[in-house]
>>> print(open('data.csv').read())   # CSV, C-alpha atoms (C1' of nucleotides)
chain,number,residue,atom,x,y,z
A,1,MET,CA,25.3,-4.4,-5.3
A,2,ALA,CA,28.5,-2.5,-5.8
A,3,LEU,CA,29.0,-2.6,-9.6
A,4,GLY,CA,26.8,-2.6,-12.6
A,5,LYS,CA,23.2,-2.1,-11.5
A,6,ASN,CA,23.7,0.3,-8.6
A,7,TYR,CA,21.8,3.2,-7.1
A,8,GLU,CA,23.1,5.6,-9.7
A,9,GLY,CA,19.9,7.5,-10.0
A,10,GLN,CA,20.0,8.3,-6.3
A,11,ASN,CA,22.5,11.1,-6.1
A,12,CYS,CA,22.3,10.9,-2.3
A,13,SER,CA,25.2,10.2,0.0
A,14,LEU,CA,23.1,7.4,1.7
A,15,ALA,CA,22.9,5.6,-1.6
A,16,ARG,CA,26.6,5.9,-2.2
A,17,ALA,CA,27.3,4.6,1.3
A,18,LEU,CA,25.0,1.7,0.7
A,19,GLU,CA,26.7,0.8,-2.5
A,20,LEU,CA,29.8,0.0,-0.5
A,21,VAL,CA,28.5,-1.1,2.9
A,22,GLY,CA,25.0,-2.3,2.0
A,23,GLU,CA,25.9,-5.5,0.3
A,24,ARG,CA,25.1,-8.8,2.0
A,25,TRP,CA,27.8,-9.7,4.6
A,26,THR,CA,29.8,-6.5,4.3
A,27,LEU,CA,28.7,-4.9,7.6
A,28,LEU,CA,29.2,-8.2,9.4
A,29,VAL,CA,32.8,-8.4,8.1
A,30,VAL,CA,33.4,-4.8,9.4
A,31,ARG,CA,31.9,-5.8,12.8
A,32,ASP,CA,34.3,-8.7,13.0
A,33,ALA,CA,37.1,-6.3,12.2
A,34,PHE,CA,36.1,-4.2,15.2
A,35,TYR,CA,36.1,-7.4,17.3
A,36,GLY,CA,39.8,-7.8,16.4
A,37,VAL,CA,39.4,-10.4,13.6
A,38,ARG,CA,42.1,-9.8,11.1
A,39,ARG,CA,42.8,-12.9,9.0
A,40,TYR,CA,40.9,-14.4,6.1
A,41,GLY,CA,40.5,-17.8,7.8
A,42,ASP,CA,39.2,-16.3,11.0
A,43,PHE,CA,36.5,-14.2,9.2
A,44,LEU,CA,35.6,-17.4,7.4
A,45,ALA,CA,35.2,-19.5,10.5
A,46,HIS,CA,33.3,-16.9,12.4
A,47,LEU,CA,30.9,-15.8,9.7
A,48,ASP,CA,30.1,-19.0,7.8
A,49,ILE,CA,30.3,-17.0,4.6
A,50,PRO,CA,31.1,-18.6,1.3
A,51,ARG,CA,34.8,-18.2,0.6
A,52,ALA,CA,34.4,-16.5,-2.7
A,53,VAL,CA,32.0,-13.9,-1.2
A,54,LEU,CA,34.4,-13.2,1.6
A,55,ALA,CA,37.3,-12.7,-0.8
A,56,ASP,CA,35.1,-10.3,-2.9
A,57,ARG,CA,34.0,-8.3,0.2
A,58,LEU,CA,37.5,-8.0,1.6
A,59,ALA,CA,38.8,-6.8,-1.8
A,60,THR,CA,35.9,-4.3,-2.1
A,61,LEU,CA,36.5,-2.9,1.4
A,62,VAL,CA,40.2,-2.5,0.8
A,63,GLU,CA,39.6,-0.8,-2.5
A,64,ALA,CA,37.1,1.6,-0.7
A,65,GLY,CA,39.7,2.4,1.9
A,66,ILE,CA,37.7,0.9,4.7
A,67,LEU,CA,40.1,-1.9,5.4
A,68,GLN,CA,43.8,-1.9,4.7
A,69,ARG,CA,45.9,-5.0,3.9
A,70,HIS,CA,49.0,-5.4,5.9
A,71,ARG,CA,51.8,-8.0,5.5
A,72,TYR,CA,52.5,-9.2,9.0
A,73,GLN,CA,54.9,-12.0,8.2
A,74,ASN,CA,57.0,-12.9,5.2
A,75,SER,CA,57.4,-16.7,5.4
A,76,PRO,CA,55.0,-17.8,4.5
A,77,PRO,CA,53.7,-14.5,3.3
A,78,ARG,CA,50.6,-13.6,5.3
A,79,ASP,CA,48.4,-10.5,5.2
A,80,GLU,CA,45.9,-9.2,7.8
A,81,TYR,CA,43.0,-6.8,7.2
A,82,LEU,CA,42.9,-3.8,9.5
A,83,LEU,CA,40.3,-1.1,9.8
A,84,THR,CA,41.4,2.3,8.5
A,85,ASP,CA,40.2,5.6,10.1
A,86,ARG,CA,37.4,5.6,7.5
A,87,GLY,CA,36.4,2.1,8.6
A,88,ILE,CA,36.6,3.0,12.3
A,89,GLU,CA,34.1,5.8,11.7
A,90,LEU,CA,31.5,3.1,10.8
A,91,TRP,CA,31.2,2.3,14.5
A,92,SER,CA,28.8,5.2,14.7
A,93,VAL,CA,26.5,3.2,12.3
A,94,ILE,CA,27.2,-0.3,13.4
A,95,TYR,CA,26.7,0.2,17.1
A,96,PRO,CA,23.3,2.0,16.9
A,97,LEU,CA,22.1,-0.6,14.4
A,98,MET,CA,23.2,-3.4,16.8
A,99,ARG,CA,21.3,-1.8,19.7
A,100,TRP,CA,18.3,-1.2,17.6
A,101,GLY,CA,18.2,-4.9,16.6
A,102,GLU,CA,18.6,-5.8,20.2
A,103,ARG,CA,15.8,-3.6,21.4
A,104,HIS,CA,13.3,-4.8,18.9
A,105,PHE,CA,14.2,-8.3,17.8
A,106,ALA,CA,16.2,-9.8,20.6
A,107,THR,CA,15.2,-13.3,21.9
A,108,GLY,CA,16.1,-12.8,25.5
A,109,GLU,CA,19.0,-11.1,27.0
A,110,PRO,CA,21.9,-9.6,25.0
A,111,LEU,CA,24.8,-11.9,24.1
A,112,ARG,CA,27.3,-9.2,24.4
A,113,THR,CA,27.5,-5.8,26.2
A,114,PHE,CA,29.8,-2.9,25.4
A,115,ARG,CA,31.4,-1.0,28.3
A,116,HIS,CA,33.4,2.1,28.6
A,117,ALA,CA,36.9,0.7,29.3
A,118,ALA,CA,37.7,3.7,31.5
A,119,CYS,CA,34.9,3.2,33.9
A,120,GLY,CA,33.2,-0.1,33.2
A,121,THR,CA,29.8,1.3,32.5
A,122,GLU,CA,27.6,0.0,29.7
A,123,ILE,CA,27.6,2.4,26.8
A,124,ASP,CA,24.1,3.7,25.7
A,125,PRO,CA,22.7,3.2,22.2
A,126,ALA,CA,24.0,6.7,21.2
A,127,SER,CA,27.5,5.8,22.2
A,128,ARG,CA,27.5,7.9,25.4
A,129,CYS,CA,28.8,6.7,28.8
A,130,PRO,CA,26.0,7.4,31.3
A,131,ALA,CA,28.5,7.3,34.2
A,132,CYS,CA,31.3,9.6,33.2
A,133,GLY,CA,29.2,11.7,30.8
A,134,HIS,CA,31.5,11.0,28.0
A,135,VAL,CA,29.6,11.5,24.7
A,136,ASP,CA,30.7,9.6,21.5
A,137,VAL,CA,32.9,7.0,23.2
A,138,PRO,CA,35.3,5.9,20.4
A,139,PRO,CA,35.5,2.2,19.6
A,140,GLY,CA,39.0,2.0,20.9
A,141,ASP,CA,37.8,2.9,24.4
A,142,VAL,CA,35.1,0.2,24.3
A,143,GLU,CA,35.3,-3.2,25.9
A,144,SER,CA,33.2,-6.1,24.7
A,145,HIS,CA,31.9,-8.3,27.5
A,146,THR,CA,30.0,-11.5,27.3
A,147,GLY,CA,26.4,-10.8,28.1
A,148,PRO,CA,23.8,-12.6,30.1
A,149,GLY,CA,22.0,-14.1,27.0
A,150,ILE,CA,24.8,-16.4,26.0
A,151,PRO,CA,23.3,-19.6,24.6
A,152,ALA,CA,23.7,-23.1,26.1
A,153,GLN,CA,25.5,-24.4,23.0
A,154,PRO,CA,27.7,-21.5,21.9
A,155,ARG,CA,29.8,-21.6,18.7
A,156,GLN,CA,33.1,-23.3,19.0
A,157,ASP,CA,35.1,-21.6,16.3
A,158,PRO,CA,38.3,-19.9,17.6
A,159,VAL,CA,36.9,-16.4,17.2
A,160,SER,CA,33.8,-17.1,19.1
A,161,VAL,CA,35.7,-18.9,21.8
A,162,ALA,CA,38.2,-16.0,22.2
A,163,LEU,CA,35.4,-13.5,22.3
A,164,ARG,CA,33.7,-15.4,25.2
A,165,GLN,CA,36.9,-16.0,27.1
A,166,HIS,CA,37.4,-12.6,28.6
A,167,PRO,CA,36.5,-8.9,28.1
A,168,HIS,CA,38.2,-7.6,25.0
A,169,ARG,CA,39.0,-4.1,23.8
A,170,LEU,CA,37.6,-3.3,20.4
A,171,LEU,CA,40.2,-3.0,17.5
A,172,GLN,CA,42.8,-4.9,19.5
A,173,PRO,CA,43.8,-8.2,17.8
A,174,LEU,CA,42.0,-11.2,19.1
A,175,PHE,CA,45.0,-13.6,19.1
B,1,MET,CA,18.0,-11.8,2.5
B,2,ALA,CA,15.1,-12.1,4.9
B,3,LEU,CA,14.0,-15.6,4.4
B,4,GLY,CA,15.6,-19.0,3.8
B,5,LYS,CA,19.3,-18.5,3.7
B,6,ASN,CA,19.7,-15.9,6.4
B,7,TYR,CA,22.4,-15.2,8.9
B,8,GLU,CA,21.1,-17.7,11.4
B,9,GLY,CA,24.5,-18.9,12.6
B,10,GLN,CA,25.2,-15.4,13.8
B,11,ASN,CA,23.3,-15.1,17.0
B,12,CYS,CA,24.1,-11.4,17.1
B,13,SER,CA,21.6,-8.6,17.2
B,14,LEU,CA,23.4,-6.9,14.3
B,15,ALA,CA,22.8,-9.9,12.1
B,16,ARG,CA,19.1,-9.9,13.1
B,17,ALA,CA,18.8,-6.2,12.3
B,18,LEU,CA,20.5,-6.8,8.9
B,19,GLU,CA,18.1,-9.5,8.0
B,20,LEU,CA,15.4,-6.9,8.0
B,21,VAL,CA,17.1,-3.7,7.1
B,22,GLY,CA,20.1,-5.0,5.2
B,23,GLU,CA,18.4,-6.0,2.0
B,24,ARG,CA,18.9,-4.1,-1.1
B,25,TRP,CA,16.7,-1.0,-1.3
B,26,THR,CA,15.2,-1.3,2.2
B,27,LEU,CA,17.1,1.5,3.9
B,28,LEU,CA,16.4,3.8,0.9
B,29,VAL,CA,12.7,3.1,1.3
B,30,VAL,CA,13.0,4.0,5.0
B,31,ARG,CA,14.9,7.1,4.2
B,32,ASP,CA,12.1,8.2,1.8
B,33,ALA,CA,9.6,7.6,4.5
B,34,PHE,CA,11.5,10.0,6.7
B,35,TYR,CA,11.3,12.5,3.8
B,36,GLY,CA,7.6,12.2,4.0
B,37,VAL,CA,7.0,9.9,1.1
B,38,ARG,CA,4.0,7.7,1.9
B,39,ARG,CA,2.5,6.2,-1.2
B,40,TYR,CA,3.5,3.3,-3.3
B,41,GLY,CA,3.6,5.3,-6.5
B,42,ASP,CA,5.8,8.0,-4.9
B,43,PHE,CA,8.3,5.6,-3.6
B,44,LEU,CA,8.4,4.1,-7.0
B,45,ALA,CA,8.9,7.3,-8.9
B,46,HIS,CA,11.6,8.6,-6.5
B,47,LEU,CA,13.6,5.4,-6.1
B,48,ASP,CA,13.6,3.8,-9.6
B,49,ILE,CA,13.0,0.5,-7.9
B,50,PRO,CA,11.4,-2.5,-9.7
B,51,ARG,CA,7.7,-2.6,-8.8
B,52,ALA,CA,7.8,-6.1,-7.5
B,53,VAL,CA,10.8,-5.4,-5.2
B,54,LEU,CA,9.1,-2.3,-3.8
B,55,ALA,CA,5.9,-4.3,-3.0
B,56,ASP,CA,8.0,-6.9,-1.3
B,57,ARG,CA,10.0,-4.5,0.7
B,58,LEU,CA,7.0,-2.6,1.9
B,59,ALA,CA,5.3,-5.8,2.9
B,60,THR,CA,8.4,-6.9,4.8
B,61,LEU,CA,8.7,-3.6,6.6
B,62,VAL,CA,5.1,-3.6,7.6
B,63,GLU,CA,5.4,-7.2,8.9
B,64,ALA,CA,8.5,-6.2,10.9
B,65,GLY,CA,6.6,-3.3,12.5
B,66,ILE,CA,8.9,-0.6,10.9
B,67,LEU,CA,6.1,0.8,8.7
B,68,GLN,CA,2.4,0.7,9.3
B,69,ARG,CA,-0.2,0.7,6.6
B,70,HIS,CA,-2.9,3.3,7.0
B,71,ARG,CA,-6.1,3.7,4.9
B,72,TYR,CA,-6.3,7.4,4.2
B,73,GLN,CA,-9.3,7.4,1.8
B,74,ASN,CA,-12.0,4.9,1.0
B,75,SER,CA,-13.0,5.7,-2.6
B,76,PRO,CA,-11.0,4.6,-4.2
B,77,PRO,CA,-9.4,2.7,-1.3
B,78,ARG,CA,-5.9,4.0,-0.8
B,79,ASP,CA,-3.3,3.2,1.8
B,80,GLU,CA,-0.2,5.0,2.9
B,81,TYR,CA,2.9,3.7,4.6
B,82,LEU,CA,3.9,5.5,7.8
B,83,LEU,CA,6.9,5.0,10.0
B,84,THR,CA,6.2,3.4,13.4
B,85,ASP,CA,8.2,4.3,16.5
B,86,ARG,CA,10.4,1.4,15.7
B,87,GLY,CA,11.0,2.8,12.3
B,88,ILE,CA,11.6,6.3,13.5
B,89,GLU,CA,14.4,4.9,15.8
B,90,LEU,CA,16.3,4.0,12.6
B,91,TRP,CA,17.1,7.6,12.1
B,92,SER,CA,20.0,7.0,14.5
B,93,VAL,CA,21.4,4.6,11.9
B,94,ILE,CA,20.4,6.3,8.7
B,95,TYR,CA,21.7,9.8,9.5
B,96,PRO,CA,25.2,8.7,10.6
B,97,LEU,CA,25.5,6.5,7.6
B,98,MET,CA,24.5,9.4,5.3
B,99,ARG,CA,27.0,11.7,6.9
B,100,TRP,CA,29.7,9.0,6.7
B,101,GLY,CA,29.0,8.6,2.9
B,102,GLU,CA,29.1,12.3,2.5
B,103,ARG,CA,32.4,12.7,4.3
B,104,HIS,CA,34.2,10.0,2.3
B,105,PHE,CA,32.6,9.5,-1.0
B,106,ALA,CA,30.9,12.8,-1.9
B,107,THR,CA,31.5,14.3,-5.3
B,108,GLY,CA,31.4,18.0,-4.3
B,109,GLU,CA,29.1,19.7,-1.9
B,110,PRO,CA,26.2,18.0,-0.1
B,111,LEU,CA,22.9,17.9,-1.9
B,112,ARG,CA,20.9,18.3,1.2
B,113,THR,CA,21.6,19.5,4.7
B,114,PHE,CA,19.7,18.8,7.9
B,115,ARG,CA,19.0,21.6,10.4
B,116,HIS,CA,17.6,21.8,13.8
B,117,ALA,CA,14.1,23.2,13.2
B,118,ALA,CA,14.2,25.1,16.5
B,119,CYS,CA,17.4,27.1,15.7
B,120,GLY,CA,18.3,26.6,12.1
B,121,THR,CA,21.7,25.1,12.8
B,122,GLU,CA,23.1,22.2,10.8
B,123,ILE,CA,23.0,19.0,12.9
B,124,ASP,CA,26.3,17.2,13.3
B,125,PRO,CA,26.9,13.6,12.2
B,126,ALA,CA,26.1,12.4,15.8
B,127,SER,CA,22.7,14.1,15.7
B,128,ARG,CA,23.7,16.9,18.0
B,129,CYS,CA,22.9,20.6,17.5
B,130,PRO,CA,26.1,22.5,17.9
B,131,ALA,CA,24.2,25.8,18.6
B,132,CYS,CA,21.7,24.9,21.3
B,133,GLY,CA,23.7,21.9,22.6
B,134,HIS,CA,20.8,19.7,22.1
B,135,VAL,CA,22.1,16.1,21.9
B,136,ASP,CA,20.2,13.4,19.9
B,137,VAL,CA,17.9,15.8,18.0
B,138,PRO,CA,14.9,13.6,17.0
B,139,PRO,CA,14.0,13.4,13.3
B,140,GLY,CA,10.7,15.2,14.0
B,141,ASP,CA,12.7,18.3,14.9
B,142,VAL,CA,14.9,18.1,11.8
B,143,GLU,CA,14.4,20.2,8.7
B,144,SER,CA,15.8,19.0,5.4
B,145,HIS,CA,17.2,21.9,3.3
B,146,THR,CA,18.5,21.8,-0.3
B,147,GLY,CA,22.2,21.9,-0.1
B,148,PRO,CA,24.9,23.7,-2.2
B,149,GLY,CA,25.8,20.6,-4.3
B,150,ILE,CA,22.5,20.3,-6.2
B,151,PRO,CA,23.2,19.1,-9.7
B,152,ALA,CA,22.5,21.1,-12.9
B,153,GLN,CA,19.9,18.6,-14.1
B,154,PRO,CA,18.1,17.5,-11.0
B,155,ARG,CA,15.5,14.8,-11.0
B,156,GLN,CA,12.0,15.8,-12.1
B,157,ASP,CA,9.8,13.3,-10.3
B,158,PRO,CA,7.3,14.9,-8.0
B,159,VAL,CA,9.1,13.8,-4.8
B,160,SER,CA,12.4,15.2,-5.9
B,161,VAL,CA,10.7,18.4,-7.0
B,162,ALA,CA,8.8,18.8,-3.7
B,163,LEU,CA,12.0,18.1,-1.7
B,164,ARG,CA,13.8,20.9,-3.6
B,165,GLN,CA,11.0,23.4,-3.4
B,166,HIS,CA,11.3,24.4,0.2
B,167,PRO,CA,12.7,23.3,3.5
B,168,HIS,CA,10.8,20.4,4.8
B,169,ARG,CA,10.3,18.9,8.2
B,170,LEU,CA,11.1,15.2,8.4
B,171,LEU,CA,8.2,12.8,8.9
B,172,GLN,CA,5.7,15.4,7.7
B,173,PRO,CA,3.8,14.4,4.5
B,174,LEU,CA,5.4,15.8,1.4
B,175,PHE,CA,2.1,16.5,-0.4
C,1,DT,C1',-23.2,2.2,-20.7
C,2,DA,C1',-18.7,2.5,-22.9
C,3,DG,C1',-14.2,3.9,-23.0
C,4,DC,C1',-10.3,5.6,-20.7
C,5,DC,C1',-7.5,6.9,-16.7
C,6,DT,C1',-4.9,6.2,-12.2
C,7,DC,C1',-3.2,3.6,-8.6
C,8,DG,C1',-1.2,-0.5,-6.7
C,9,DG,C1',0.1,-4.1,-7.4
C,10,DT,C1',1.3,-9.3,-9.9
C,11,DT,C1',3.4,-12.2,-13.6
C,12,DC,C1',7.1,-13.7,-16.3
C,13,DG,C1',11.4,-14.5,-18.8
C,14,DT,C1',16.2,-13.0,-18.3
C,15,DT,C1',20.2,-11.8,-15.9
C,16,DC,C1',23.0,-11.7,-12.0
C,17,DA,C1',24.7,-12.5,-7.3
C,18,DC,C1',25.1,-16.0,-3.8
C,19,DC,C1',25.9,-20.7,-2.4
C,20,DG,C1',28.8,-24.6,-1.2
C,21,DA,C1',31.9,-28.0,-2.6
C,22,DA,C1',35.9,-29.0,-5.1
C,23,DC,C1',40.2,-27.5,-6.7
C,24,DT,C1',44.7,-24.8,-6.8
C,25,DG,C1',49.1,-22.9,-5.5
C,26,DA,C1',52.5,-21.0,-2.5
C,27,DG,C1',55.1,-22.1,1.2
C,28,DA,C1',56.4,-24.4,5.5
C,29,DG,C1',57.6,-28.8,8.2
C,30,DG,C1',58.9,-33.6,8.7
D,1,DC,C1',59.0,-36.4,-1.2
D,2,DC,C1',54.9,-36.2,1.2
D,3,DT,C1',51.7,-33.7,3.8
D,4,DC,C1',49.7,-29.7,6.0
D,5,DT,C1',47.9,-24.9,6.3
D,6,DC,C1',46.4,-20.8,4.5
D,7,DA,C1',44.2,-18.0,1.1
D,8,DG,C1',42.1,-17.9,-2.1
D,9,DT,C1',39.8,-19.3,-7.4
D,10,DT,C1',36.6,-22.2,-10.2
D,11,DC,C1',32.3,-24.0,-11.2
D,12,DG,C1',27.6,-25.8,-11.6
D,13,DG,C1',23.1,-24.9,-9.4
D,14,DT,C1',19.7,-21.9,-7.2
D,15,DG,C1',17.4,-17.9,-5.8
D,16,DA,C1',16.8,-12.9,-6.0
D,17,DA,C1',16.6,-8.7,-8.7
D,18,DC,C1',15.4,-6.6,-13.0
D,19,DG,C1',12.2,-4.5,-16.2
D,20,DA,C1',8.5,-4.8,-19.2
D,21,DA,C1',3.9,-6.3,-19.7
D,22,DC,C1',-0.3,-7.4,-17.7
D,23,DC,C1',-4.3,-7.1,-14.4
D,24,DG,C1',-8.2,-5.5,-11.5
D,25,DA,C1',-10.5,-2.2,-8.6
D,26,DG,C1',-12.5,2.0,-8.9
D,27,DG,C1',-13.0,6.5,-10.4
D,28,DC,C1',-14.2,10.1,-14.3
D,29,DT,C1',-16.3,11.6,-18.8
D,30,DA,C1',-19.8,11.6,-22.2
>>> encode(input="data.csv", output="structure tokens")
Amino acid sequence: MALGKNYEGQNCSLARALELVGERWTLLVVRDAFYGVRRYGDFLAHLDIPRAVLADRLATLVEAGILQRHRYQNSPPRDEYLLTDRGIELWSVIYPLMRWGERHFATGEPLRTFRHAACGTEIDPASRCPACGHVDVPPGDVESHTGPGIPAQPRQDPVSVALRQHPHRLLQPLF
Amino acid sequence: MALGKNYEGQNCSLARALELVGERWTLLVVRDAFYGVRRYGDFLAHLDIPRAVLADRLATLVEAGILQRHRYQNSPPRDEYLLTDRGIELWSVIYPLMRWGERHFATGEPLRTFRHAACGTEIDPASRCPACGHVDVPPGDVESHTGPGIPAQPRQDPVSVALRQHPHRLLQPLF
DNA sequence: TAGCCTCGGTTCGTTCACCGAACTGAGAGG
DNA sequence: CCTCTCAGTTCGGTGAACGAACCGAGGCTA
């Protein structure tokens, strides 16, 4: 979606945003980055995405300044992908979309809930904390909890297991 | 994206939402619906979308309960596509994404601003009205205004012309 | 009644992105 | 030297998007 035949006729900021973030898989990669996924292999295992597509999406996101690549060890050389501030701002899109999908297309109870780390209250679809009145709770103050709708046979990849294990603060590394 | 090879492994509400709303063009169709576009031909002219793709997207959105089809005249029989409540709730995704794109990838000034109809103040990226303190301004209370960044050679299709002509309340028909 | 127009699609051949399986290469570690 | 892991790249096959042409229902005009 990004190159070649894009939305160039639409001189609208929504169209420009969608050129970057509207491609298949892209928003799920960004969601995983909020969950603390940072390495190629972990995105791969958690998303069941073709390897070539993942490599392409990561490169596009880095180029767009949504992720940044960071060398976290030298031997062997390994990089991790971290959300930039620009990427972190996408929480205000991802979270409402998640809640919208949950309200209208959920099959049973939610699999995951998001709570205000400071007070433990579930955050509303507009990112407000009903308890402490905090509006626009930033993702760094959000804790992901396993929800009541967790399936009988949950996924066994390391990322899914770690996410189930215990409440986890967004943006913090999973491992 | 919707059928066949979908995100079925991802039992996450974001993935389910993206199966519907994450396909190419879909969110732009919904945006146009907020602008008051209602007829096949108007979507077509404003979006420069292949006819077959538009027909497919409209059918998918109707099936998902995001748009509803409404017969507005009988001879000749003509239908219009209107946002349902479920569709209207997508404003909380579309508006933040638009503002995010504008902040980070805009070329100059915004083409369009969104004001609180009650007080005329521009609505912030989290859908709050800074003037009257209204949080979560619903799209029906939002007026679209032509912004300062309007290009020298703007589009000449009827929808673009009507949108430029005068401030326009979201969800109200354009014509 | 014939001819033409509009609207809302469908059809069809080409192009392009996605898919998944196999392969590659750098760098441990034994 | 052999094997393993990690992070990709390569490649043949398939499905979706593209755009131009076609179609049919139902006016309008004469």
>>> closest_atom_pairs(input="data.csv", of="chain D", to="chain A", cutoff="8 Å", atoms="all atoms listed in the file", output="JSON lines")
{"residue": "D:DC6", "atom": "C1'", "partner": "A:Gly41", "partner_atom": "CA", "distance": 7.4}
{"residue": "D:DA7", "atom": "C1'", "partner": "A:Tyr40", "partner_atom": "CA", "distance": 7.0}
{"residue": "D:DG8", "atom": "C1'", "partner": "A:Ala55", "partner_atom": "CA", "distance": 7.2}
{"residue": "D:DT9", "atom": "C1'", "partner": "A:Ala52", "partner_atom": "CA", "distance": 7.7}
>>> atom_distance(input="data.csv", atom1="atom CA of A:Arg57", atom2="atom CA of B:Trp91")
26.1 Å
>>> atom_distance(input="data.csv", atom1="atom CA of B:Val21", atom2="atom CA of A:Tyr95")
14.4 Å
>>> closest_residue(input="data.csv", among="A:Val53, A:Val37, A:Ala162, A:Leu14", to="chain C", atoms="only C-alpha atoms (C1' of nucleotides)")
A:Val53
>>> interface_residues(input="data.csv", of="chain C", to="chain A", cutoff="7 Å", atoms="all atoms listed in the file", output="VMD selection string")
chain C and resid 19 to 20 27 to 28
>>> closest_atom_pairs(input="data.csv", of="chain A", to="chain B", cutoff="7 Å", atoms="all atoms listed in the file", output="tab-separated table")
residue	atom	partner	partner_atom	distance
A:Ser13	CA	B:Gly101	CA	5.0
A:Leu14	CA	B:Met98	CA	4.3
A:Arg16	CA	B:Gly101	CA	6.2
A:Ala17	CA	B:Gly101	CA	4.6
A:Gly22	CA	B:Gly22	CA	6.4
A:Ser92	CA	B:Pro96	CA	6.5
A:Val93	CA	B:Val93	CA	5.3
A:Pro96	CA	B:Val93	CA	5.9
A:Leu97	CA	B:Val93	CA	5.8
A:Met98	CA	B:Leu14	CA	4.3
A:Gly101	CA	B:Ala17	CA	4.5
A:Glu102	CA	B:Ser13	CA	5.1
A:Phe105	CA	B:Arg16	CA	7.0
A:Ala106	CA	B:Ser13	CA	6.5
>>> atom_distance(input="data.csv", atom1="atom CA of A:Ala152", atom2="atom CA of A:Thr113")
17.7 Å
>>> residues_around(input="data.csv", residues="D:DT10", least_positions_apart="3", cutoff="10 Å", atoms="only C-alpha atoms (C1' of nucleotides)", output="PyMOL selection string")
(chain A and resi 52) or (chain C and resi 22-24)
>>> write_last_selection(input="data.csv", atoms="C-alpha atoms (C1' of nucleotides)", output="PDB file, in the coordinates of the input")
ATOM      1  CA  ALA A  52      34.400 -16.500  -2.700  1.00  0.00           C
TER       2      ALA A  52
ATOM      3  C1'  DA C  22      35.900 -29.000  -5.100  1.00  0.00           C
ATOM      4  C1'  DC C  23      40.200 -27.500  -6.700  1.00  0.00           C
ATOM      5  C1'  DT C  24      44.700 -24.800  -6.800  1.00  0.00           C
TER       6       DT C  24
END
>>> residues_around(input="data.csv", residues="C:DC4", least_positions_apart="5", cutoff="12 Å", atoms="all atoms listed in the file", output="list of chain:residue names")
D:DG27, D:DC28, D:DT29, D:DA30
